[in-house]
file my_file_27.cif (mmCIF, C-alpha atoms and all ligand atoms)
data_data
#
loop_
_atom_site.label_atom_id
_atom_site.label_comp_id
_atom_site.auth_asym_id
_atom_site.auth_seq_id
_atom_site.Cartn_x
_atom_site.Cartn_y
_atom_site.Cartn_z
CA MET H 1 148.68 114.02 61.26
CA VAL H 2 149.89 116.58 58.81
CA ALA H 3 149.78 120.10 60.18
CA GLU H 4 147.84 122.92 58.63
CA ILE H 5 150.16 125.68 57.42
CA ILE H 6 149.49 129.10 58.92
CA ASP H 7 150.31 131.29 55.96
CA GLY H 8 151.96 134.49 57.20
CA LYS H 9 152.21 135.87 53.69
CA LEU H 10 148.45 135.63 53.22
CA PHE H 11 147.67 137.05 56.69
CA SER H 12 150.12 139.90 56.18
CA ARG H 13 148.77 140.76 52.73
CA LYS H 14 145.26 141.12 54.19
CA LEU H 15 146.63 143.25 57.02
CA ARG H 16 148.59 145.51 54.66
CA ASP H 17 145.50 145.89 52.47
CA GLN H 18 143.47 146.95 55.52
CA VAL H 19 146.17 149.46 56.48
CA ALA H 20 146.33 150.86 52.93
CA GLU H 21 142.53 151.29 52.83
CA HIS H 22 142.61 153.15 56.13
CA VAL H 23 145.48 155.37 54.96
CA THR H 24 143.50 156.29 51.84
CA VAL H 25 140.60 157.45 54.02
CA LEU H 26 142.93 159.40 56.35
CA LYS H 27 144.47 161.22 53.42
CA LYS H 28 141.15 161.97 51.76
CA GLU H 29 139.05 162.92 54.75
CA HIS H 30 141.62 164.34 57.16
CA LYS H 31 144.49 165.42 54.85
CA VAL H 32 146.90 163.43 56.99
CA THR H 33 149.57 161.01 55.74
CA PRO H 34 151.11 158.69 58.34
CA GLY H 35 154.91 158.86 58.34
CA LEU H 36 157.44 156.32 59.59
CA ALA H 37 161.09 157.19 60.29
CA VAL H 38 163.52 154.28 60.37
CA VAL H 39 167.01 154.80 61.73
CA LEU H 40 169.82 152.42 60.85
CA VAL H 41 173.25 152.76 62.41
CA GLY H 42 176.05 150.82 60.71
CA GLU H 43 176.07 148.28 57.94
CA ASP H 44 174.81 145.02 59.37
CA PRO H 45 173.65 143.16 56.21
CA ALA H 46 170.53 141.60 57.79
CA SER H 47 169.47 144.98 59.23
CA GLN H 48 169.97 146.63 55.84
CA VAL H 49 167.64 144.06 54.24
CA TYR H 50 164.97 144.61 56.93
CA VAL H 51 165.19 148.39 56.70
CA ARG H 52 164.89 148.33 52.91
CA SER H 53 161.86 146.09 53.14
CA LYS H 54 160.24 148.29 55.79
CA GLY H 55 160.70 151.39 53.64
CA LYS H 56 159.28 149.70 50.55
CA GLN H 57 156.19 148.39 52.32
CA THR H 58 155.59 151.71 54.09
CA ILE H 59 155.39 153.44 50.72
CA GLU H 60 153.24 150.67 49.24
CA ALA H 61 150.75 151.26 52.08
CA GLY H 62 150.51 154.92 51.01
CA MET H 63 152.51 156.26 53.96
CA ASN H 64 155.60 158.45 54.02
CA SER H 65 158.90 156.71 54.71
CA TYR H 66 161.92 158.55 56.09
CA GLU H 67 165.18 156.61 56.21
CA HIS H 68 168.14 157.79 58.26
CA LYS H 69 171.33 155.82 57.64
CA LEU H 70 174.16 156.68 59.99
CA ASN H 71 177.77 155.52 60.10
CA GLU H 72 178.84 152.70 62.40
CA ASP H 73 180.91 155.19 64.44
CA THR H 74 178.03 157.61 65.07
CA SER H 75 178.13 158.76 68.69
CA GLU H 76 175.32 158.08 71.13
CA ALA H 77 174.88 161.85 71.54
CA ASP H 78 174.37 162.32 67.79
CA LEU H 79 171.86 159.47 67.65
CA LEU H 80 169.96 160.92 70.62
CA GLU H 81 169.91 164.27 68.90
CA LEU H 82 168.39 162.71 65.76
CA VAL H 83 165.73 160.90 67.81
CA ASN H 84 164.95 164.15 69.58
CA ARG H 85 164.52 165.90 66.24
CA LEU H 86 162.20 163.12 64.99
CA ASN H 87 160.20 163.34 68.24
CA GLY H 88 159.46 166.97 67.41
CA ASP H 89 158.73 166.42 63.71
CA ASP H 90 154.98 166.63 63.01
CA GLU H 91 155.33 164.66 59.77
CA VAL H 92 156.75 161.68 61.67
CA HIS H 93 154.20 159.55 63.53
CA GLY H 94 156.34 156.49 64.10
CA ILE H 95 160.05 156.09 64.91
CA LEU H 96 161.96 152.82 64.69
CA VAL H 97 165.64 152.53 65.57
CA GLN H 98 166.85 149.27 64.08
CA LEU H 99 168.51 146.95 66.60
CA PRO H 100 171.13 145.81 67.36
CA LEU H 101 173.01 149.09 67.72
CA PRO H 102 176.82 149.23 67.70
CA LYS H 103 178.36 148.25 71.03
CA HIS H 104 179.39 151.78 72.04
CA ILE H 105 175.75 152.94 72.08
CA ASN H 106 173.46 152.27 75.03
CA GLU H 107 170.35 150.73 73.47
CA ASP H 108 168.12 151.34 76.47
CA ALA H 109 169.02 155.04 76.53
CA VAL H 110 168.16 155.39 72.84
CA ILE H 111 164.90 153.42 73.04
CA ASN H 112 163.74 155.36 76.08
CA SER H 113 164.49 158.68 74.36
CA ILE H 114 161.81 157.95 71.73
CA ASP H 115 158.47 159.69 72.37
CA PRO H 116 156.32 156.75 73.65
CA ALA H 117 153.48 157.90 71.36
CA LYS H 118 155.81 157.41 68.35
CA ASP H 119 157.41 154.20 69.66
CA VAL H 120 156.06 151.86 66.97
CA ASP H 121 158.32 149.07 68.26
CA GLY H 122 156.63 149.19 71.67
CA PHE H 123 160.02 148.92 73.39
CA HIS H 124 159.89 152.13 75.48
CA ILE H 125 159.56 151.35 79.19
CA SER H 126 156.21 153.13 79.39
CA ASN H 127 154.77 150.99 76.60
CA VAL H 128 156.22 147.89 78.23
CA GLY H 129 154.52 148.87 81.50
CA LEU H 130 151.21 149.65 79.81
CA LEU H 131 151.20 146.29 78.04
CA ALA H 132 152.12 144.47 81.26
CA THR H 133 149.15 146.06 83.02
CA GLY H 134 146.76 145.36 80.14
CA GLN H 135 146.40 149.02 79.15
CA LYS H 136 146.35 150.65 75.73
CA SER H 137 149.93 150.73 74.43
CA MET H 138 152.12 150.26 71.41
CA VAL H 139 152.54 146.51 71.03
CA PRO H 140 155.86 145.08 69.76
CA CYS H 141 155.47 144.02 66.14
CA THR H 142 156.71 140.42 66.14
CA PRO H 143 154.63 139.26 69.12
CA LEU H 144 151.64 141.16 67.75
CA GLY H 145 152.05 139.36 64.42
CA CYS H 146 152.20 136.00 66.23
CA LEU H 147 149.07 136.86 68.22
CA LEU H 148 147.09 137.94 65.15
CA MET H 149 147.93 134.66 63.41
CA LEU H 150 146.98 132.66 66.51
CA LYS H 151 143.69 134.49 66.92
CA GLY H 152 142.98 134.29 63.20
CA PHE H 153 143.49 130.55 63.33
CA HIS H 154 141.89 129.67 66.67
CA GLY H 155 139.47 132.48 67.45
CA THR H 156 139.67 132.56 71.23
CA LEU H 157 142.84 131.42 72.99
CA ALA H 158 141.35 131.47 76.50
CA GLY H 159 142.44 128.59 78.71
CA MET H 160 145.08 127.28 76.33
CA ASP H 161 148.52 126.25 77.60
CA ALA H 162 151.14 128.41 75.88
CA VAL H 163 154.87 127.77 76.15
CA ILE H 164 157.28 130.44 74.95
CA ILE H 165 160.86 129.42 74.27
CA GLY H 166 163.07 132.48 74.77
CA ARG H 167 162.81 135.45 77.14
CA SER H 168 163.96 138.38 74.99
CA ASN H 169 162.57 141.87 75.45
CA ILE H 170 161.68 141.94 71.74
CA VAL H 171 159.68 138.71 71.57
CA GLY H 172 159.51 136.38 74.58
CA LYS H 173 158.49 138.79 77.33
CA PRO H 174 155.91 140.84 75.37
CA MET H 175 154.52 137.62 73.87
CA ALA H 176 153.93 136.34 77.40
CA GLN H 177 152.03 139.53 78.30
CA LEU H 178 149.87 139.35 75.18
CA LEU H 179 148.97 135.70 75.77
CA LEU H 180 148.23 136.39 79.43
CA ASN H 181 145.89 139.17 78.30
CA GLU H 182 144.17 136.51 76.13
CA SER H 183 143.73 134.32 79.24
CA CYS H 184 146.23 131.66 78.25
CA THR H 185 148.22 129.81 80.88
CA VAL H 186 151.71 130.99 80.00
CA THR H 187 155.12 129.46 80.65
CA VAL H 188 158.27 131.29 79.57
CA THR H 189 161.26 128.98 79.15
CA HIS H 190 164.93 129.87 78.62
CA SER H 191 168.44 128.47 78.56
CA ARG H 192 168.30 127.44 82.25
CA THR H 193 164.88 125.76 82.09
CA LYS H 194 164.94 122.18 83.40
CA ASN H 195 163.26 119.44 81.34
CA LEU H 196 162.52 121.77 78.45
CA GLU H 197 161.18 118.99 76.25
CA GLU H 198 158.71 117.91 78.91
CA VAL H 199 157.49 121.50 79.42
CA VAL H 200 157.12 122.02 75.66
CA GLY H 201 155.30 118.69 75.41
CA ARG H 202 152.42 120.00 77.56
CA ALA H 203 151.74 123.02 75.34
CA ASP H 204 148.72 123.68 73.15
CA ILE H 205 150.61 126.67 71.70
CA ILE H 206 154.38 126.84 71.29
CA ILE H 207 156.17 130.08 70.41
CA ALA H 208 159.78 129.32 69.47
CA ALA H 209 161.91 132.46 69.69
CA VAL H 210 165.32 131.30 70.78
CA GLY H 211 167.55 131.72 67.71
CA ARG H 212 168.73 128.11 67.50
CA ALA H 213 168.25 126.41 64.16
CA GLU H 214 165.68 123.57 64.21
CA MET H 215 165.90 123.10 67.98
CA VAL H 216 162.29 121.99 68.54
CA LYS H 217 161.79 118.45 67.26
CA GLY H 218 158.63 116.57 66.35
CA ASP H 219 158.95 114.15 69.28
CA TRP H 220 158.95 117.09 71.75
CA ILE H 221 155.47 118.28 70.97
CA LYS H 222 151.91 117.23 71.75
CA SER H 223 149.83 115.95 68.86
CA GLY H 224 147.71 118.78 67.45
CA ALA H 225 149.72 121.60 69.05
CA THR H 226 150.02 124.96 67.27
CA LEU H 227 153.60 125.99 66.51
CA ILE H 228 154.63 129.57 65.86
CA ASP H 229 158.22 129.73 64.68
CA VAL H 230 159.87 133.12 65.19
CA GLY H 231 163.40 131.91 64.35
CA ILE H 232 165.25 133.00 61.23
CA ASN H 233 168.52 131.09 61.02
CA ARG H 234 170.81 130.88 58.01
CA VAL H 235 172.30 127.38 57.76
CA GLU H 236 174.61 125.77 55.28
CA GLY H 237 173.58 122.51 53.65
CA SER H 238 175.99 119.63 52.95
CA ASP H 239 176.37 120.94 49.37
CA GLY H 240 177.46 124.35 50.68
CA SER H 241 174.19 126.07 49.76
CA LYS H 242 172.62 128.44 52.30
CA ARG H 243 169.00 128.25 53.39
CA LEU H 244 166.77 129.79 56.02
CA VAL H 245 165.33 127.64 58.77
CA GLY H 246 163.38 128.42 61.90
CA ASP H 247 163.85 127.36 65.51
CA VAL H 248 161.48 124.46 64.75
CA GLN H 249 162.42 121.39 62.74
CA PHE H 250 159.67 121.70 60.16
CA SER H 251 159.98 118.19 58.66
CA SER H 252 159.34 116.34 61.95
CA CYS H 253 157.08 118.89 63.68
CA SER H 254 154.69 119.22 60.74
CA GLN H 255 153.92 115.51 61.12
CA VAL H 256 152.72 115.97 64.71
CA ALA H 257 151.47 119.57 65.04
CA GLY H 258 147.93 120.68 64.28
CA ALA H 259 149.18 123.91 62.74
CA ILE H 260 152.58 125.42 62.03
CA THR H 261 154.07 128.61 60.60
CA PRO H 262 156.70 128.08 57.89
CA VAL H 263 160.10 129.81 57.66
CA PRO H 264 160.26 131.82 55.52
CA GLY H 265 156.68 132.98 54.97
CA GLY H 266 155.33 132.80 58.52
CA VAL H 267 156.07 135.31 61.26
CA GLY H 268 158.52 137.41 59.17
CA PRO H 269 155.99 139.08 56.85
CA MET H 270 153.65 139.67 59.79
CA THR H 271 156.27 141.69 61.67
CA ILE H 272 156.50 144.37 58.99
CA ALA H 273 152.72 144.40 58.46
CA CYS H 274 152.31 145.06 62.21
CA LEU H 275 154.83 147.88 62.00
CA LEU H 276 152.56 149.52 59.43
CA VAL H 277 149.56 148.92 61.71
CA ASN H 278 151.39 150.56 64.61
CA THR H 279 152.38 153.56 62.49
CA LEU H 280 148.77 154.00 61.43
CA VAL H 281 147.59 153.63 65.04
CA ALA H 282 150.16 156.21 66.24
CA CYS H 283 148.95 158.65 63.60
CA CYS H 284 145.27 158.13 64.47
CA ARG H 285 145.96 158.59 68.19
CA LYS H 286 147.87 161.83 67.55
CA TYR H 287 144.89 163.41 65.80
CA LYS H 288 142.30 161.66 68.00
CA LEU H 289 140.84 159.86 64.99
CA ILE H 290 139.16 156.47 65.07
CA GLU H 291 141.80 153.74 65.21
CA PRO H 292 141.69 150.82 62.79
CA ASP H 293 139.80 147.88 64.20
CA ILE H 294 142.73 145.57 63.43
CA ILE H 295 143.97 145.02 66.93
CA SER H 296 141.87 145.18 70.03
CA ASN H 297 144.60 146.37 72.40
N1 LIG G 301 165.89 143.97 65.22
C1 LIG G 301 165.32 142.76 65.16
N2 LIG G 301 163.99 142.82 65.37
C2 LIG G 301 163.72 144.13 65.57
C3 LIG G 301 162.52 144.84 65.83
O1 LIG G 301 161.41 144.28 65.94
N3 LIG G 301 162.64 146.18 65.98
C4 LIG G 301 163.84 146.82 65.89
N4 LIG G 301 163.87 148.14 66.07
N5 LIG G 301 164.98 146.20 65.65
C5 LIG G 301 164.91 144.86 65.49
#

call {"tool": "encode", "arguments": {"input": "my_file_27.cif", "output": "structure tokens"}}
result
Amino acid sequence: MVAEIIDGKLFSRKLRDQVAEHVTVLKKEHKVTPGLAVVLVGEDPASQVYVRSKGKQTIEAGMNSYEHKLNEDTSEADLLELVNRLNGDDEVHGILVQLPLPKHINEDAVINSIDPAKDVDGFHISNVGLLATGQKSMVPCTPLGCLLMLKGFHGTLAGMDAVIIGRSNIVGKPMAQLLLNESCTVTVTHSRTKNLEEVVGRADIIIAAVGRAEMVKGDWIKSGATLIDVGINRVEGSDGSKRLVGDVQFSSCSQVAGAITPVPGGVGPMTIACLLVNTLVACCRKYKLIEPDIISN
């Protein structure tokens, strides 16, 4: 079997087009422009690339983008003060503080200082709690992107066995909540899981979000399974050239899976598209306007 490719670029383009259409209507009929503030502390090269890309796509969707770049040695107090200012800024509907933060800053304190209504990452404890109890919340962008691709491909997910590899707050845990809300039977695995291959081998849906290059092999998985690869790992080939690979070994898994997301061009583009969706949703909720019918949560 050769797996069908789930094209994240195509999915994300459609999503961004829907967001842009909705933004046009908001501007015209309600004189409101959604605004996203992105805060970057330090000079981590990967974070700089992501932040640039977020800003560019925010503007392409017709929204306002506000970038705040702070030095690596910015104090936690100064960062909290900026977040507080953004919380009170009526032009800003979404706030994203790029992670990881420098070691001297308490990430939880910063995340939980963001107004939950502007928390477009969905990382604030109140959004985490709302999602866990199946209530209306801000949904973290990467898991939301994975879910939209899964639902776009399968329709209903009810009754499917889903195995998540990785238990991070950013992906693994919220992904589990989202799939539970879709009535999947969910298993979350991690570094201490026994017989990982056997557990993965039972799955109809596998979400690989562990950060280990090409860990999941073709002989681990059930024939016809759907593989969502969240990993982005930079590896060096034998000729010294660098390339990006996921947490899934594409060459072997694509021979066994029913469907698979590529790296790059799978989950990555969906994450930013979902950030735009969340910013639009935050703006609509603020003014009690009809939310886009993009996500049902
Ligand atoms: N760093 C890696 N992924 C993310 C994300 O989804 N949100 C934020 N804020 N930082 C990240």

call {"tool": "residues_near_ligand", "arguments": {"input": "my_file_27.cif", "ligand": "ligand LIG 301 (chain G)", "cutoff": "10 Å", "atoms": "only C-alpha atoms and all ligand atoms", "output": "ChimeraX atom specification"}}
result
/H:38-40,46-47,50-51,95-101,111,119-123,140-143,169-171,268,271-272,274-275

call {"tool": "atom_distance", "arguments": {"input": "my_file_27.cif", "atom1": "atom CA of Pro292 of chain H", "atom2": "atom CA of Val19 of chain H"}}
result
7.9 Å

call {"tool": "closest_residue", "arguments": {"input": "my_file_27.cif", "among": "H:Val210, H:Val216, H:Ile228, H:Ala162", "to": "Asp7 of chain H", "atoms": "only C-alpha atoms"}}
result
H:Ile228

call {"tool": "residues_around", "arguments": {"input": "my_file_27.cif", "residues": "Asn112 of chain H", "least_positions_apart": "4", "cutoff": "9 Å", "atoms": "all atoms listed in the file", "output": "list in words"}}
result
Glu107, Asp108, Pro116, Phe123, His124, Ile125 and Ser126 of chain H

call {"tool": "write_last_selection", "arguments": {"input": "my_file_27.cif", "atoms": "C-alpha atoms", "output": "PDB file, in the coordinates of the input"}}
result
ATOM      1  CA  GLU H 107     170.350 150.730  73.470  1.00  0.00           C
ATOM      2  CA  ASP H 108     168.120 151.340  76.470  1.00  0.00           C
ATOM      3  CA  PRO H 116     156.320 156.750  73.650  1.00  0.00           C
ATOM      4  CA  PHE H 123     160.020 148.920  73.390  1.00  0.00           C
ATOM      5  CA  HIS H 124     159.890 152.130  75.480  1.00  0.00           C
ATOM      6  CA  ILE H 125     159.560 151.350  79.190  1.00  0.00           C
ATOM      7  CA  SER H 126     156.210 153.130  79.390  1.00  0.00           C
TER       8      SER H 126
END

call {"tool": "residues_around", "arguments": {"input": "my_file_27.cif", "residues": "Val163 of chain H", "least_positions_apart": "2", "cutoff": "8 Å", "atoms": "only C-alpha atoms", "output": "list in words"}}
result
Asp161, Ile165, Val186, Thr187, Val188, Thr189, Val199, Val200, Ala203, Asp204, Ile205, Ile206 and Ile207 of chain H

call {"tool": "residues_around", "arguments": {"input": "my_file_27.cif", "residues": "Met63 of chain H", "least_positions_apart": "3", "cutoff": "9 Å", "atoms": "only C-alpha atoms", "output": "MDAnalysis selection string"}}
result
chainID H and resid 20 23 33:36 57:60 276 279:280

call {"tool": "atom_distance", "arguments": {"input": "my_file_27.cif", "atom1": "atom CA of Arg234 of chain H", "atom2": "atom CA of Pro262 of chain H"}}
result
14.4 Å

call {"tool": "residues_near_point", "arguments": {"input": "my_file_27.cif", "point": "(151.6, 122.9, 69.1)", "cutoff": "12 Å", "atoms": "all atoms listed in the file", "output": "PyMOL selection string"}}
result
chain H and resi 3-4+150+160-164+199-208+216-229+248+253-261

call {"tool": "atom_distance", "arguments": {"input": "my_file_27.cif", "atom1": "atom CA of Pro102 of chain H", "atom2": "atom CA of Glu214 of chain H"}}
result
28.2 Å

call {"tool": "closest_residue", "arguments": {"input": "my_file_27.cif", "among": "H:Leu82, H:Met138, H:Leu196, H:Ala158", "to": "Ser183 of chain H", "atoms": "only C-alpha atoms"}}
result
H:Ala158

call {"tool": "closest_residue", "arguments": {"input": "my_file_27.cif", "among": "H:Val245, H:Ala209, H:Ala37, H:Val110", "to": "Val92 of chain H", "atoms": "only C-alpha atoms"}}
result
H:Ala37

call {"tool": "closest_residue", "arguments": {"input": "my_file_27.cif", "among": "H:Val32, H:Leu180, H:Leu15, H:Ile105", "to": "Asp293 of chain H", "atoms": "all atoms listed in the file"}}
result
H:Leu15

call {"tool": "residues_around", "arguments": {"input": "my_file_27.cif", "residues": "segment 281-283 of chain H", "least_positions_apart": "4", "cutoff": "7 Å", "atoms": "only C-alpha atoms", "output": "ChimeraX atom specification"}}
result
/H:34,93-94,117-118,277,287,291-292

call {"tool": "closest_residue", "arguments": {"input": "my_file_27.cif", "among": "H:Gly8, H:Gly159, H:Gly166, H:Gly134", "to": "Pro269 of chain H", "atoms": "only C-alpha atoms"}}
result
H:Gly8

call {"tool": "closest_residue", "arguments": {"input": "my_file_27.cif", "among": "H:Lys14, H:His190, H:Lys28, H:Arg52", "to": "Gly152 of chain H", "atoms": "all atoms listed in the file"}}
result
H:Lys14

call {"tool": "decode", "arguments": {"input": "my_file_27.cif", "residues": "segment 70-157 of chain H", "atoms": "C-alpha atoms", "output": "JSON list (two decimals), in the first residue's frame"}}
result
[["chain", "number", "residue", "atom", "x", "y", "z"],
["H", 70, "LEU", "CA", 13.10, 41.96, 23.20],
["H", 71, "ASN", "CA", 16.69, 41.29, 24.21],
["H", 72, "GLU", "CA", 17.72, 37.92, 25.60],
["H", 73, "ASP", "CA", 18.41, 39.55, 28.99],
["H", 74, "THR", "CA", 14.96, 41.14, 29.32],
["H", 75, "SER", "CA", 13.71, 40.68, 32.88],
["H", 76, "GLU", "CA", 10.58, 38.72, 33.71],
["H", 77, "ALA", "CA", 9.10, 41.91, 35.23],
["H", 78, "ASP", "CA", 9.60, 43.83, 31.98],
["H", 79, "LEU", "CA", 8.05, 41.03, 29.93],
["H", 80, "LEU", "CA", 5.07, 40.88, 32.31],
["H", 81, "GLU", "CA", 4.67, 44.61, 31.98],
["H", 82, "LEU", "CA", 4.57, 44.33, 28.17],
["H", 83, "VAL", "CA", 1.98, 41.54, 28.33],
["H", 84, "ASN", "CA", -0.08, 43.64, 30.70],
["H", 85, "ARG", "CA", 0.05, 46.56, 28.27],
["H", 86, "LEU", "CA", -1.02, 44.30, 25.38],
["H", 87, "ASN", "CA", -3.87, 42.92, 27.53],
["H", 88, "GLY", "CA", -5.22, 46.45, 27.81],
["H", 89, "ASP", "CA", -4.68, 47.41, 24.15],
["H", 90, "ASP", "CA", -7.99, 47.45, 22.26],
["H", 91, "GLU", "CA", -6.23, 47.06, 18.90],
["H", 92, "VAL", "CA", -4.72, 43.75, 20.01],
["H", 93, "HIS", "CA", -7.08, 40.76, 19.93],
["H", 94, "GLY", "CA", -4.49, 38.01, 20.14],
["H", 95, "ILE", "CA", -1.20, 37.74, 22.06],
["H", 96, "LEU", "CA", 1.45, 35.11, 21.43],
["H", 97, "VAL", "CA", 4.66, 34.91, 23.43],
["H", 98, "GLN", "CA", 7.04, 32.73, 21.45],
["H", 99, "LEU", "CA", 8.43, 29.78, 23.42],
["H", 100, "PRO", "CA", 10.91, 28.74, 24.63],
["H", 101, "LEU", "CA", 11.71, 31.77, 26.78],
["H", 102, "PRO", "CA", 15.20, 32.35, 28.21],
["H", 103, "LYS", "CA", 15.91, 30.25, 31.31],
["H", 104, "HIS", "CA", 15.67, 33.15, 33.79],
["H", 105, "ILE", "CA", 12.00, 33.75, 32.89],
["H", 106, "ASN", "CA", 9.20, 31.65, 34.36],
["H", 107, "GLU", "CA", 7.17, 30.55, 31.33],
["H", 108, "ASP", "CA", 4.09, 29.59, 33.32],
["H", 109, "ALA", "CA", 3.97, 33.00, 34.99],
["H", 110, "VAL", "CA", 4.15, 34.76, 31.62],
["H", 111, "ILE", "CA", 1.59, 32.52, 29.91],
["H", 112, "ASN", "CA", -0.85, 32.87, 32.78],
["H", 113, "SER", "CA", -0.50, 36.66, 32.74],
["H", 114, "ILE", "CA", -2.03, 36.79, 29.23],
["H", 115, "ASP", "CA", -5.73, 37.70, 29.17],
["H", 116, "PRO", "CA", -7.35, 34.27, 28.45],
["H", 117, "ALA", "CA", -9.59, 35.93, 25.84],
["H", 118, "LYS", "CA", -6.45, 37.01, 23.92],
["H", 119, "ASP", "CA", -4.54, 33.75, 24.52],
["H", 120, "VAL", "CA", -4.42, 32.61, 20.89],
["H", 121, "ASP", "CA", -2.00, 29.82, 21.85],
["H", 122, "GLY", "CA", -4.57, 28.31, 24.21],
["H", 123, "PHE", "CA", -1.88, 27.74, 26.84],
["H", 124, "HIS", "CA", -3.41, 29.75, 29.72],
["H", 125, "ILE", "CA", -4.60, 27.47, 32.52],
["H", 126, "SER", "CA", -8.20, 28.61, 32.09],
["H", 127, "ASN", "CA", -8.18, 27.67, 28.40],
["H", 128, "VAL", "CA", -6.53, 24.36, 29.26],
["H", 129, "GLY", "CA", -9.29, 23.69, 31.80],
["H", 130, "LEU", "CA", -12.06, 24.71, 29.40],
["H", 131, "LEU", "CA", -10.71, 22.41, 26.69],
["H", 132, "ALA", "CA", -10.33, 19.54, 29.17],
["H", 133, "THR", "CA", -13.98, 19.89, 30.15],
["H", 134, "GLY", "CA", -15.18, 20.19, 26.54],
["H", 135, "GLN", "CA", -16.15, 23.86, 26.84],
["H", 136, "LYS", "CA", -15.61, 26.74, 24.45],
["H", 137, "SER", "CA", -11.95, 27.77, 24.67],
["H", 138, "MET", "CA", -8.94, 28.87, 22.70],
["H", 139, "VAL", "CA", -7.49, 25.68, 21.22],
["H", 140, "PRO", "CA", -3.69, 25.31, 20.85],
["H", 141, "CYS", "CA", -2.73, 25.82, 17.21],
["H", 142, "THR", "CA", -0.68, 22.72, 16.41],
["H", 143, "PRO", "CA", -3.17, 20.18, 17.80],
["H", 144, "LEU", "CA", -6.01, 22.12, 16.19],
["H", 145, "GLY", "CA", -4.21, 21.93, 12.84],
["H", 146, "CYS", "CA", -3.76, 18.16, 13.28],
["H", 147, "LEU", "CA", -7.44, 17.75, 14.14],
["H", 148, "LEU", "CA", -8.64, 19.77, 11.16],
["H", 149, "MET", "CA", -6.54, 17.64, 8.81],
["H", 150, "LEU", "CA", -7.80, 14.43, 10.43],
["H", 151, "LYS", "CA", -11.43, 15.52, 10.22],
["H", 152, "GLY", "CA", -10.95, 16.81, 6.69],
["H", 153, "PHE", "CA", -9.57, 13.44, 5.67],
["H", 154, "HIS", "CA", -11.80, 11.07, 7.65],
["H", 155, "GLY", "CA", -14.97, 13.00, 8.43],
["H", 156, "THR", "CA", -15.90, 11.52, 11.78],
["H", 157, "LEU", "CA", -13.20, 10.13, 14.06]]
